[in-house]
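**Q** So that you have it, the file is final.csv, and it contains CSV, C-alpha atoms:
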chain,number,residue,atom,x,y,z
B,1,MET,CA,-194.2,-166.8,44.0
B,2,ARG,CA,-193.6,-163.0,44.3
B,3,GLN,CA,-191.9,-162.0,47.6
B,4,MET,CA,-193.3,-159.3,49.8
B,5,ALA,CA,-191.2,-156.4,50.8
B,6,ALA,CA,-189.9,-156.4,54.4
B,7,PRO,CA,-191.9,-154.2,56.8
B,8,SER,CA,-190.3,-150.8,57.4
B,9,GLY,CA,-192.1,-149.9,60.7
B,10,ARG,CA,-193.6,-146.8,59.1
B,11,PRO,CA,-197.3,-146.4,58.4
B,12,PRO,CA,-198.1,-146.4,54.7
B,13,ARG,CA,-198.6,-143.1,52.9
B,14,PRO,CA,-202.1,-142.2,52.0
B,15,ASP,CA,-201.2,-142.4,48.3
B,16,SER,CA,-199.1,-145.5,48.6
B,17,ARG,CA,-200.0,-148.8,46.8
B,18,THR,CA,-200.3,-150.6,50.1
B,19,GLY,CA,-202.8,-148.2,51.8
B,20,PRO,CA,-206.6,-148.2,51.7
B,21,ALA,CA,-206.7,-146.0,48.7
B,22,ALA,CA,-204.7,-148.5,46.7
B,23,LYS,CA,-207.3,-151.1,47.5
B,24,GLY,CA,-209.9,-149.0,45.9
B,25,ARG,CA,-207.8,-148.4,42.8
B,26,ASN,CA,-207.2,-152.1,42.4
B,27,ARG,CA,-210.9,-152.8,42.6
B,28,ALA,CA,-211.5,-150.3,39.9
B,29,GLY,CA,-208.7,-151.7,37.9
B,30,GLY,CA,-207.0,-148.3,37.2
B,31,ASP,CA,-203.5,-149.1,38.6
B,32,ALA,CA,-203.8,-152.9,39.1
B,33,ARG,CA,-200.7,-154.8,37.9
B,34,PRO,CA,-201.2,-157.8,35.7
B,35,MET,CA,-200.7,-161.1,37.5
B,36,PRO,CA,-197.4,-162.8,36.4
B,37,ILE,CA,-197.7,-165.9,34.2
B,38,ILE,CA,-196.5,-168.9,36.3
B,39,ARG,CA,-195.2,-171.7,34.0
B,40,PRO,CA,-194.7,-175.2,35.3
B,41,ARG,CA,-191.0,-176.0,35.8
B,42,SER,CA,-189.5,-177.8,32.8
B,43,TYR,CA,-186.2,-179.7,32.4
B,44,ALA,CA,-184.0,-180.5,29.3
B,45,ALA,CA,-181.3,-183.1,28.6
B,46,ILE,CA,-179.0,-183.2,25.6
B,47,ASP,CA,-176.9,-186.2,24.8
B,48,LEU,CA,-174.3,-185.6,22.1
B,49,GLY,CA,-173.0,-189.0,21.2
B,50,THR,CA,-170.6,-190.3,18.5
B,51,ASN,CA,-173.4,-190.8,16.0
B,52,ASN,CA,-176.5,-188.9,17.3
B,53,CYS,CA,-177.5,-185.6,18.9
B,54,ARG,CA,-180.6,-186.1,21.0
B,55,LEU,CA,-182.7,-183.7,23.1
B,56,LEU,CA,-185.6,-184.3,25.5
B,57,ILE,CA,-187.6,-181.7,27.3
B,58,ALA,CA,-189.9,-182.8,30.1
B,59,ARG,CA,-192.2,-181.4,32.8
B,60,PRO,CA,-193.1,-183.0,36.1
B,61,GLN,CA,-196.7,-184.2,36.4
B,62,ASN,CA,-198.2,-186.3,39.2
B,63,GLY,CA,-194.8,-187.4,40.4
B,64,GLU,CA,-193.5,-188.4,37.0
B,65,LEU,CA,-191.8,-186.7,34.1
B,66,VAL,CA,-193.9,-186.1,31.0
B,67,VAL,CA,-192.0,-185.4,27.7
B,68,ILE,CA,-193.2,-182.3,26.0
B,69,ASP,CA,-190.7,-182.0,23.2
B,70,ALA,CA,-187.9,-184.0,21.7
B,71,PHE,CA,-185.4,-183.8,18.9
B,72,SER,CA,-182.9,-186.3,17.3
B,73,ARG,CA,-180.5,-186.0,14.5
B,74,ILE,CA,-177.7,-188.2,13.2
B,75,VAL,CA,-174.6,-186.0,13.1
B,76,ARG,CA,-171.9,-188.6,12.8
B,77,LEU,CA,-169.6,-186.7,15.1
B,78,GLY,CA,-167.1,-189.5,15.3
B,79,GLU,CA,-166.8,-190.0,11.5
B,80,GLY,CA,-163.2,-190.6,10.7
B,81,LEU,CA,-162.1,-190.2,14.3
B,82,HIS,CA,-160.8,-193.7,14.6
B,83,GLY,CA,-158.2,-192.9,11.9
B,84,THR,CA,-157.3,-189.3,12.6
B,85,GLY,CA,-157.9,-188.8,16.3
B,86,LYS,CA,-159.8,-185.6,15.5
B,87,ILE,CA,-163.4,-184.4,14.9
B,88,SER,CA,-163.6,-183.3,11.3
B,89,GLN,CA,-164.8,-179.8,10.3
B,90,ALA,CA,-167.8,-181.2,8.5
B,91,ALA,CA,-168.8,-183.2,11.6
B,92,MET,CA,-168.4,-180.1,13.8
B,93,ASP,CA,-170.7,-178.1,11.4
B,94,ARG,CA,-173.4,-180.8,11.5
B,95,THR,CA,-173.2,-180.9,15.3
B,96,VAL,CA,-173.4,-177.1,15.7
B,97,ALA,CA,-176.4,-177.0,13.4
B,98,ALA,CA,-178.2,-179.7,15.4
B,99,LEU,CA,-177.4,-178.0,18.7
B,100,SER,CA,-178.7,-174.7,17.4
B,101,ILE,CA,-182.1,-176.3,16.9
B,102,CYS,CA,-181.8,-177.6,20.4
B,103,ALA,CA,-181.0,-174.2,21.8
B,104,ASP,CA,-184.0,-172.7,20.0
B,105,LYS,CA,-186.3,-175.4,21.5
B,106,LEU,CA,-184.9,-174.6,25.0
B,107,ARG,CA,-185.8,-171.0,24.6
B,108,ARG,CA,-189.3,-171.6,23.2
B,109,ARG,CA,-190.1,-174.1,25.9
B,110,HIS,CA,-188.8,-171.8,28.7
B,111,VAL,CA,-186.7,-174.5,30.2
B,112,SER,CA,-185.9,-174.0,33.8
B,113,LEU,CA,-182.9,-176.2,34.1
B,114,SER,CA,-180.9,-178.2,31.5
B,115,ARG,CA,-177.7,-180.2,31.1
B,116,ALA,CA,-175.9,-181.1,27.9
B,117,VAL,CA,-173.3,-183.9,27.9
B,118,ALA,CA,-170.9,-185.2,25.3
B,119,THR,CA,-169.5,-188.7,25.4
B,120,GLU,CA,-166.9,-190.9,23.7
B,121,ALA,CA,-166.2,-188.9,20.6
B,122,CYS,CA,-165.4,-185.8,22.5
B,123,ARG,CA,-163.5,-187.8,25.1
B,124,ARG,CA,-161.2,-189.3,22.5
B,125,ALA,CA,-160.8,-186.4,20.1
B,126,SER,CA,-157.8,-184.1,20.5
B,127,ASN,CA,-160.1,-181.2,19.5
B,128,GLY,CA,-163.1,-182.2,21.7
B,129,ARG,CA,-162.6,-179.1,23.8
B,130,GLU,CA,-162.5,-176.9,20.7
B,131,LEU,CA,-165.9,-178.2,19.6
B,132,ALA,CA,-167.3,-177.5,23.1
B,133,GLU,CA,-166.0,-173.9,23.0
B,134,ARG,CA,-167.5,-173.4,19.5
B,135,VAL,CA,-170.9,-174.8,20.6
B,136,ARG,CA,-170.9,-172.5,23.6
B,137,ARG,CA,-170.0,-169.5,21.5
B,138,GLU,CA,-172.5,-170.1,18.7
B,139,THR,CA,-175.4,-171.7,20.5
B,140,GLY,CA,-175.1,-170.8,24.2
B,141,ILE,CA,-175.1,-174.5,25.2
B,142,VAL,CA,-172.4,-175.5,27.6
B,143,LEU,CA,-171.3,-179.1,26.7
B,144,ASP,CA,-170.1,-181.2,29.6
B,145,ILE,CA,-167.6,-183.9,28.3
B,146,ILE,CA,-168.4,-186.6,30.8
B,147,SER,CA,-166.3,-189.6,31.9
B,148,ALA,CA,-167.2,-193.2,30.9
B,149,ALA,CA,-168.1,-193.9,34.5
B,150,GLU,CA,-170.7,-191.1,34.6
B,151,GLU,CA,-172.0,-192.1,31.2
B,152,ALA,CA,-172.7,-195.6,32.6
B,153,LYS,CA,-174.4,-194.2,35.7
B,154,LEU,CA,-176.7,-191.9,33.7
B,155,ALA,CA,-177.6,-194.8,31.3
B,156,VAL,CA,-178.5,-197.0,34.2
B,157,LEU,CA,-180.5,-194.3,36.0
B,158,GLY,CA,-182.4,-193.6,32.8
B,159,CYS,CA,-183.5,-197.2,32.0
B,160,HIS,CA,-183.2,-199.5,35.0
B,161,ASN,CA,-186.9,-199.5,35.7
B,162,LEU,CA,-187.5,-201.6,32.6
B,163,MET,CA,-185.3,-204.4,34.0
B,164,GLU,CA,-187.2,-207.8,34.1
B,165,PRO,CA,-188.2,-208.6,37.7
B,166,GLY,CA,-186.4,-211.5,39.3
B,167,GLU,CA,-183.6,-212.5,41.7
B,168,GLY,CA,-181.0,-213.4,39.1
B,169,PRO,CA,-178.0,-211.2,38.3
B,170,ALA,CA,-178.8,-208.3,36.1
B,171,LEU,CA,-176.8,-206.7,33.3
B,172,ILE,CA,-177.5,-203.4,31.5
B,173,PHE,CA,-175.6,-202.6,28.3
B,174,ASP,CA,-175.4,-199.4,26.2
B,175,ILE,CA,-174.0,-199.8,22.7
B,176,GLY,CA,-173.1,-196.3,21.5
B,177,GLY,CA,-171.4,-194.9,18.5
B,178,GLY,CA,-167.9,-194.8,19.9
B,179,SER,CA,-168.0,-197.0,23.0
B,180,THR,CA,-170.0,-199.7,24.8
B,181,GLU,CA,-170.7,-199.9,28.5
B,182,LEU,CA,-171.7,-203.0,30.5
B,183,MET,CA,-173.1,-202.6,34.0
B,184,HIS,CA,-173.8,-205.4,36.5
B,185,VAL,CA,-176.5,-203.9,38.6
B,186,ASP,CA,-178.8,-204.6,41.6
B,187,VAL,CA,-182.3,-203.2,40.9
B,188,THR,CA,-184.8,-202.7,43.7
B,189,ASP,CA,-188.2,-200.9,43.6
B,190,HIS,CA,-186.6,-197.7,44.8
B,191,ASP,CA,-183.0,-197.7,43.7
B,192,VAL,CA,-180.3,-199.2,41.5
B,193,LYS,CA,-176.7,-200.0,42.5
B,194,ILE,CA,-173.8,-200.7,40.1
B,195,HIS,CA,-171.7,-203.6,41.3
B,196,ASP,CA,-169.3,-203.9,38.3
B,197,TRP,CA,-168.9,-202.1,35.0
B,198,ILE,CA,-166.7,-201.8,32.0
B,199,SER,CA,-166.4,-199.4,29.1
B,200,VAL,CA,-164.7,-200.4,25.9
B,201,PRO,CA,-163.8,-198.1,22.9
B,202,TRP,CA,-165.9,-200.0,20.4
B,203,GLY,CA,-169.3,-198.7,19.3
B,204,VAL,CA,-171.1,-198.9,16.0
B,205,VAL,CA,-169.0,-196.1,14.4
B,206,SER,CA,-165.6,-197.0,15.7
B,207,LEU,CA,-166.0,-200.8,15.0
B,208,THR,CA,-167.3,-200.2,11.5
B,209,GLU,CA,-164.3,-198.0,10.7
B,210,HIS,CA,-162.0,-200.6,12.1
B,211,ALA,CA,-163.5,-203.5,10.2
B,212,PRO,CA,-165.4,-202.3,7.2
B,213,LEU,CA,-167.7,-204.8,5.5
B,214,PRO,CA,-166.9,-205.5,1.8
B,215,GLU,CA,-170.0,-205.2,-0.5
B,216,ASP,CA,-168.9,-207.5,-3.3
B,217,SER,CA,-168.7,-210.8,-1.4
B,218,LEU,CA,-170.8,-212.7,1.1
B,219,ALA,CA,-167.7,-214.6,2.3
B,220,GLY,CA,-165.9,-211.2,2.8
B,221,ARG,CA,-168.8,-209.9,4.8
B,222,GLN,CA,-168.9,-213.0,7.0
B,223,ALA,CA,-165.1,-212.8,7.6
B,224,ALA,CA,-165.4,-209.1,8.5
B,225,TYR,CA,-168.3,-209.9,10.9
B,226,THR,CA,-166.2,-212.7,12.5
B,227,HIS,CA,-163.4,-210.2,13.0
B,228,MET,CA,-165.8,-207.7,14.7
B,229,ARG,CA,-166.9,-210.5,17.0
B,230,ASP,CA,-163.2,-211.3,17.9
B,231,VAL,CA,-162.4,-207.7,18.6
B,232,THR,CA,-165.3,-207.2,20.9
B,233,ARG,CA,-164.9,-210.5,22.6
B,234,ASP,CA,-161.3,-209.6,23.4
B,235,ALA,CA,-162.4,-206.2,24.7
B,236,PHE,CA,-164.9,-207.7,27.0
B,237,ALA,CA,-162.6,-210.5,28.2
B,238,ALA,CA,-161.9,-209.1,31.7
B,239,PHE,CA,-165.5,-208.5,32.4
B,240,ALA,CA,-166.5,-211.9,31.0
B,241,ALA,CA,-164.1,-213.6,33.3
B,242,ARG,CA,-165.7,-211.9,36.3
B,243,ALA,CA,-169.2,-212.9,35.0
B,244,GLU,CA,-168.3,-216.6,35.0
B,245,ARG,CA,-169.2,-216.8,38.7
B,246,PHE,CA,-172.9,-216.4,37.6
B,247,ALA,CA,-172.9,-219.6,35.4
B,248,GLY,CA,-176.1,-221.6,35.9
B,249,GLN,CA,-178.1,-218.8,37.4
B,250,PRO,CA,-181.2,-217.2,35.7
B,251,LEU,CA,-179.6,-214.1,34.2
B,252,ARG,CA,-181.5,-210.9,33.4
B,253,LEU,CA,-180.4,-208.6,30.5
B,254,LEU,CA,-181.5,-205.1,29.4
B,255,GLY,CA,-180.1,-203.1,26.5
B,256,THR,CA,-180.4,-199.4,25.7
B,257,SER,CA,-179.1,-198.2,22.4
B,258,GLY,CA,-180.0,-197.7,18.7
B,259,THR,CA,-178.8,-201.2,18.0
B,260,VAL,CA,-181.1,-203.0,20.4
B,261,THR,CA,-184.2,-200.8,19.5
B,262,THR,CA,-183.5,-201.3,15.8
B,263,LEU,CA,-183.3,-205.1,16.1
B,264,ALA,CA,-186.4,-205.1,18.2
B,265,SER,CA,-188.2,-203.2,15.4
B,266,VAL,CA,-187.0,-205.8,12.9
B,267,PHE,CA,-188.2,-208.6,15.2
B,268,LEU,CA,-191.7,-207.0,15.3
B,269,ASP,CA,-191.5,-206.3,11.5
B,270,LEU,CA,-192.7,-202.7,12.0
B,271,PRO,CA,-193.3,-200.6,8.9
B,272,ARG,CA,-191.7,-197.7,10.7
B,273,TYR,CA,-190.1,-197.1,14.1
B,274,ASP,CA,-192.6,-196.9,16.9
B,275,ARG,CA,-191.2,-196.2,20.4
B,276,ARG,CA,-194.4,-197.3,22.1
B,277,ALA,CA,-194.1,-200.7,20.6
B,278,VAL,CA,-190.4,-201.1,21.3
B,279,ASP,CA,-189.7,-199.4,24.7
B,280,GLY,CA,-190.1,-202.1,27.3
B,281,LEU,CA,-190.3,-205.0,24.9
B,282,VAL,CA,-188.7,-208.3,25.8
B,283,VAL,CA,-187.1,-210.4,22.9
B,284,PRO,CA,-185.7,-213.9,23.0
B,285,CYS,CA,-181.9,-213.8,22.7
B,286,ASP,CA,-182.0,-216.5,20.1
B,287,ALA,CA,-184.2,-214.2,17.9
B,288,MET,CA,-181.7,-211.4,18.4
B,289,ARG,CA,-178.8,-213.7,17.3
B,290,ASP,CA,-180.8,-214.8,14.2
B,291,ILE,CA,-181.6,-211.2,13.2
B,292,SER,CA,-178.0,-210.2,13.7
B,293,ARG,CA,-176.5,-212.9,11.5
B,294,ARG,CA,-179.1,-212.3,8.7
B,295,LEU,CA,-178.2,-208.6,8.7
B,296,ALA,CA,-174.5,-209.4,8.7
B,297,ASP,CA,-174.9,-211.6,5.6
B,298,ALA,CA,-177.0,-209.0,3.8
B,299,SER,CA,-175.6,-206.3,1.5
B,300,ILE,CA,-175.8,-202.7,2.5
B,301,ALA,CA,-178.5,-202.2,-0.2
B,302,ASP,CA,-180.6,-205.0,1.2
B,303,ARG,CA,-180.2,-203.7,4.8
B,304,ALA,CA,-181.2,-200.2,3.6
B,305,GLU,CA,-184.5,-201.6,2.3
B,306,ILE,CA,-185.6,-202.8,5.7
B,307,ALA,CA,-188.0,-200.2,6.9
B,308,CYS,CA,-186.7,-199.7,10.5
B,309,ILE,CA,-183.0,-199.6,9.3
B,310,GLY,CA,-183.0,-197.4,6.2
B,311,ARG,CA,-180.0,-195.8,4.6
B,312,GLU,CA,-178.9,-193.9,7.7
B,313,ARG,CA,-178.2,-197.0,9.8
B,314,ALA,CA,-177.5,-199.6,7.1
B,315,ASP,CA,-173.8,-199.2,7.2
B,316,LEU,CA,-173.5,-199.2,11.1
B,317,VAL,CA,-176.1,-201.8,12.3
B,318,VAL,CA,-173.9,-204.8,11.6
B,319,ALA,CA,-171.2,-203.6,14.0
B,320,GLY,CA,-173.9,-203.2,16.6
B,321,CYS,CA,-175.0,-206.8,15.9
B,322,ALA,CA,-171.5,-208.1,16.5
B,323,ILE,CA,-171.3,-206.2,19.8
B,324,LEU,CA,-174.7,-207.5,20.9
B,325,GLU,CA,-173.8,-211.1,20.1
B,326,SER,CA,-170.6,-210.8,22.2
B,327,ILE,CA,-172.6,-209.5,25.1
B,328,ILE,CA,-175.0,-212.4,24.9
B,329,ASP,CA,-172.0,-214.7,24.8
B,330,LEU,CA,-170.7,-213.5,28.1
B,331,TRP,CA,-174.1,-213.0,29.7
B,332,PRO,CA,-176.2,-215.9,28.3
B,333,ALA,CA,-179.7,-214.8,29.3
B,334,VAL,CA,-182.8,-216.3,27.7
B,335,ARG,CA,-184.3,-212.9,27.0
B,336,VAL,CA,-183.2,-209.3,26.4
B,337,GLY,CA,-185.2,-206.3,27.5
B,338,VAL,CA,-185.3,-203.3,25.2
B,339,ALA,CA,-185.2,-199.7,26.4
B,340,ASP,CA,-185.7,-196.7,24.2
B,341,ARG,CA,-184.3,-194.5,27.0
B,342,GLY,CA,-181.0,-194.0,28.7
B,343,ILE,CA,-178.6,-191.1,29.2
B,344,ARG,CA,-181.2,-188.3,28.5
B,345,GLU,CA,-183.7,-189.8,30.9
B,346,GLY,CA,-181.0,-190.2,33.5
B,347,ILE,CA,-180.1,-186.6,33.2
B,348,LEU,CA,-183.8,-185.5,33.4
B,349,ARG,CA,-184.4,-187.6,36.5
B,350,THR,CA,-181.3,-186.2,38.2
B,351,LEU,CA,-182.4,-182.6,37.5
B,352,ALA,CA,-185.9,-183.3,38.6
B,353,MET,CA,-184.7,-185.0,41.8
B,354,GLN,CA,-182.5,-181.9,42.5
B,355,GLY,CA,-185.6,-179.8,42.0
B,356,ARG,CA,-187.6,-182.1,44.3
B,357,ASP,CA,-190.2,-182.5,41.6
B,358,ILE,CA,-190.3,-186.3,41.4
B,359,PRO,CA,-190.0,-189.1,43.9
B,360,VAL,CA,-188.1,-192.3,43.4
B,361,THR,CA,-188.4,-194.1,40.1
B,362,ARG,CA,-191.4,-196.3,39.7
B,363,ARG,CA,-191.0,-199.7,38.1
B,364,GLU,CA,-192.2,-199.8,34.5
B,365,TYR,CA,-191.3,-203.3,33.3
B,366,ARG,CA,-194.0,-204.8,31.1
B,367,LYS,CA,-194.4,-208.3,29.8
Produce structure tokens that represent the structure in this file.

**A**
Amino acid sequence: MRQMAAPSGRPPRPDSRTGPAAKGRNRAGGDARPMPIIRPRSYAAIDLGTNNCRLLIARPQNGELVVIDAFSRIVRLGEGLHGTGKISQAAMDRTVAALSICADKLRRRHVSLSRAVATEACRRASNGRELAERVRRETGIVLDIISAAEEAKLAVLGCHNLMEPGEGPALIFDIGGGSTELMHVDVTDHDVKIHDWISVPWGVVSLTEHAPLPEDSLAGRQAAYTHMRDVTRDAFAAFAARAERFAGQPLRLLGTSGTVTTLASVFLDLPRYDRRAVDGLVVPCDAMRDISRRLADASIADRAEIACIGRERADLVVAGCAILESIIDLWPAVRVGVADRGIREGILRTLAMQGRDIPVTRREYRK
């Protein structure tokens, strides 16, 4: 809203725009100024992960955030990072190109407030800061390389309202490209509290590079998958020991990641990915295990033929399956909830709460 000038204590001049003559001119339209266009406030969140670059732009409406634009591109930022400790030039180029598109969308959507975060790849890479500086210089986007703890908090804030209702202990997991986070949480109608959490440096990219799957032998693929399971089981060991105190209780489980949404799509046998069908779905854990093992046995060519996997995910999905099975081992729930939301939604909600545009999160779990 336009602010009025402070009163001066002097009467207006006869020819001033605030005197009686000005009112007449305004009615005639001669000197009237056009009313400013008032756009609804909009917010944007960018999540630069080890594998994907994702953008969401949302606008508050009736106490909730409504997405008005989105963008996602696989940039494979962490490609080769496990071996070299650095982000490659080609990966930087792909990332800057994707973020340039994001920057253009921010301008065209007249975004009021935004935040861009980078996660495990930039945390681990010796040249992560170099990438952030190049992004700022070439796109104007300021990348915030966040800690694993903040990554976990944002993921929880973004998806916890899809947690299955109940009194049993609840676990949220986020399988990323370069790391995986597990969060034991307490979810209420108005808030979420993290009681315990762990972040391990194994995601679909880092684990695939550590234990590549041979293509010429089923026995070789099965051995590689077993090794992946061993690696992740060992990484989760400390958290698993603490989780033993919940044995015998009805456990609740919710996952947010490309792995869990991809496997949910396979479970539904979708001809193409459909967020409306997947987000909020609940899948039996036994079905997730069965799909995981079938994908681990399949060749990369066969995995690529599955509609919701395709060539872009065919080489990485098996590592996600191994991580998921290890999570179900330590948190043996009957069902797993599926969330196609996470860090970006957590950022948006944080920004909107700062702007006092939305109230507390409403529960959105669906059967």

**Q** Just give me the gap between CA of Leu281 in chain B and CA of Leu162 in chain B in Å, one decimal is fine.

**A**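 About the pair CA of Leu281 in chain B and CA of Leu162 in chain B: they are 8.9 Å apart.
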
**Q** Please list as a list of chain:residue names every residue within 9 Å of range 285-296 of chain B, counting all atoms listed in the file and excluding residues in the same chain fewer than 4 positions away.

**A**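 Neighbouring residues, sequence-local ones excluded: B:Leu213, B:Arg221, B:Gln222, B:Tyr225, B:Val260, B:Leu263, B:Ala264, B:Val266, B:Phe267, B:Ile300, B:Asp302, B:Arg303, B:Val317, B:Val318, B:Ala319, B:Gly320, B:Cys321, B:Ala322, B:Leu324, B:Glu325, B:Ile328, B:Pro332, B:Ala333, B:Val334, B:Arg335, B:Val336.
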
**Q** Report, in Å with one decimal, the straight-line distance from CA of Phe239 in chain B to CA of Glu164 in chain B.

**A**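 Computed distance, CA of Phe239 in chain B to CA of Glu164 in chain B, equals 21.8 Å.
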
**Q** Which distance in Å separates CA of Thr188 in chain B and CA of Gly255 in chain B, to one decimal?

**A**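 Atom-to-atom, CA of Thr188 in chain B to CA of Gly255 in chain B, that is 17.8 Å.
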
**Q** Give me the residues near Ser72 in chain B as a ChimeraX atom specification, where near means some atom within 10 Å (using only C-alpha atoms) and where sequence neighbours in that chain fewer than 4 positions away do not count.

**A** /B:46-48,52-56,98,102

**Q** Measuring atom to atom with only C-alpha atoms, identify which of B:Leu154, B:Ile343, B:Ala118, B:Ile323 is nearest to Thr180 in chain B.

**A**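 Closest to Thr180 in chain B of all the choices is B:Ile323.
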
**Q** Since fewer atoms than expected are present, regenerate N, CA and C atoms for range 190-206 of chain B and write them as a PDB file, keeping the file's coordinate frame.

**A**
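Final output, saved to result13.pdb:
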ATOM      1  N   HIS B 190    -186.837-199.074  44.506  1.00  0.00           N
ATOM      2  CA  HIS B 190    -186.600-197.700  44.800  1.00  0.00           C
ATOM      3  C   HIS B 190    -185.185-197.193  44.337  1.00  0.00           C
ATOM      4  N   ASP B 191    -184.326-198.102  43.942  1.00  0.00           N
ATOM      5  CA  ASP B 191    -183.000-197.700  43.700  1.00  0.00           C
ATOM      6  C   ASP B 191    -182.269-198.673  42.754  1.00  0.00           C
ATOM      7  N   VAL B 192    -181.086-198.302  42.288  1.00  0.00           N
ATOM      8  CA  VAL B 192    -180.300-199.200  41.500  1.00  0.00           C
ATOM      9  C   VAL B 192    -178.816-198.988  41.927  1.00  0.00           C
ATOM     10  N   LYS B 193    -178.093-200.071  42.050  1.00  0.00           N
ATOM     11  CA  LYS B 193    -176.700-200.000  42.500  1.00  0.00           C
ATOM     12  C   LYS B 193    -175.847-200.741  41.430  1.00  0.00           C
ATOM     13  N   ILE B 194    -174.741-200.112  41.013  1.00  0.00           N
ATOM     14  CA  ILE B 194    -173.800-200.700  40.100  1.00  0.00           C
ATOM     15  C   ILE B 194    -172.744-201.471  40.833  1.00  0.00           C
ATOM     16  N   HIS B 195    -172.678-202.788  40.639  1.00  0.00           N
ATOM     17  CA  HIS B 195    -171.700-203.600  41.300  1.00  0.00           C
ATOM     18  C   HIS B 195    -170.375-203.691  40.527  1.00  0.00           C
ATOM     19  N   ASP B 196    -170.482-203.724  39.202  1.00  0.00           N
ATOM     20  CA  ASP B 196    -169.300-203.900  38.300  1.00  0.00           C
ATOM     21  C   ASP B 196    -169.642-203.272  36.996  1.00  0.00           C
ATOM     22  N   TRP B 197    -168.646-202.730  36.319  1.00  0.00           N
ATOM     23  CA  TRP B 197    -168.900-202.100  35.000  1.00  0.00           C
ATOM     24  C   TRP B 197    -167.626-202.102  34.193  1.00  0.00           C
ATOM     25  N   ILE B 198    -167.815-201.958  32.883  1.00  0.00           N
ATOM     26  CA  ILE B 198    -166.700-201.800  32.000  1.00  0.00           C
ATOM     27  C   ILE B 198    -167.114-200.925  30.812  1.00  0.00           C
ATOM     28  N   SER B 199    -166.201-200.141  30.304  1.00  0.00           N
ATOM     29  CA  SER B 199    -166.400-199.400  29.100  1.00  0.00           C
ATOM     30  C   SER B 199    -165.300-199.692  28.121  1.00  0.00           C
ATOM     31  N   VAL B 200    -165.671-200.052  26.899  1.00  0.00           N
ATOM     32  CA  VAL B 200    -164.700-200.400  25.900  1.00  0.00           C
ATOM     33  C   VAL B 200    -164.844-199.418  24.709  1.00  0.00           C
ATOM     34  N   PRO B 201    -163.758-199.077  23.993  1.00  0.00           N
ATOM     35  CA  PRO B 201    -163.800-198.100  22.900  1.00  0.00           C
ATOM     36  C   PRO B 201    -164.347-198.585  21.603  1.00  0.00           C
ATOM     37  N   TRP B 202    -165.326-199.466  21.652  1.00  0.00           N
ATOM     38  CA  TRP B 202    -165.900-200.000  20.400  1.00  0.00           C
ATOM     39  C   TRP B 202    -167.414-199.776  20.436  1.00  0.00           C
ATOM     40  N   GLY B 203    -167.858-198.958  19.492  1.00  0.00           N
ATOM     41  CA  GLY B 203    -169.300-198.700  19.300  1.00  0.00           C
ATOM     42  C   GLY B 203    -169.550-198.950  17.778  1.00  0.00           C
ATOM     43  N   VAL B 204    -170.743-198.610  17.334  1.00  0.00           N
ATOM     44  CA  VAL B 204    -171.100-198.900  16.000  1.00  0.00           C
ATOM     45  C   VAL B 204    -170.266-198.146  14.936  1.00  0.00           C
ATOM     46  N   VAL B 205    -169.846-196.937  15.282  1.00  0.00           N
ATOM     47  CA  VAL B 205    -169.000-196.100  14.400  1.00  0.00           C
ATOM     48  C   VAL B 205    -167.580-196.607  14.393  1.00  0.00           C
ATOM     49  N   SER B 206    -167.004-196.679  15.579  1.00  0.00           N
ATOM     50  CA  SER B 206    -165.600-197.000  15.700  1.00  0.00           C
ATOM     51  C   SER B 206    -165.311-198.449  15.181  1.00  0.00           C
TER      52      SER B 206
END
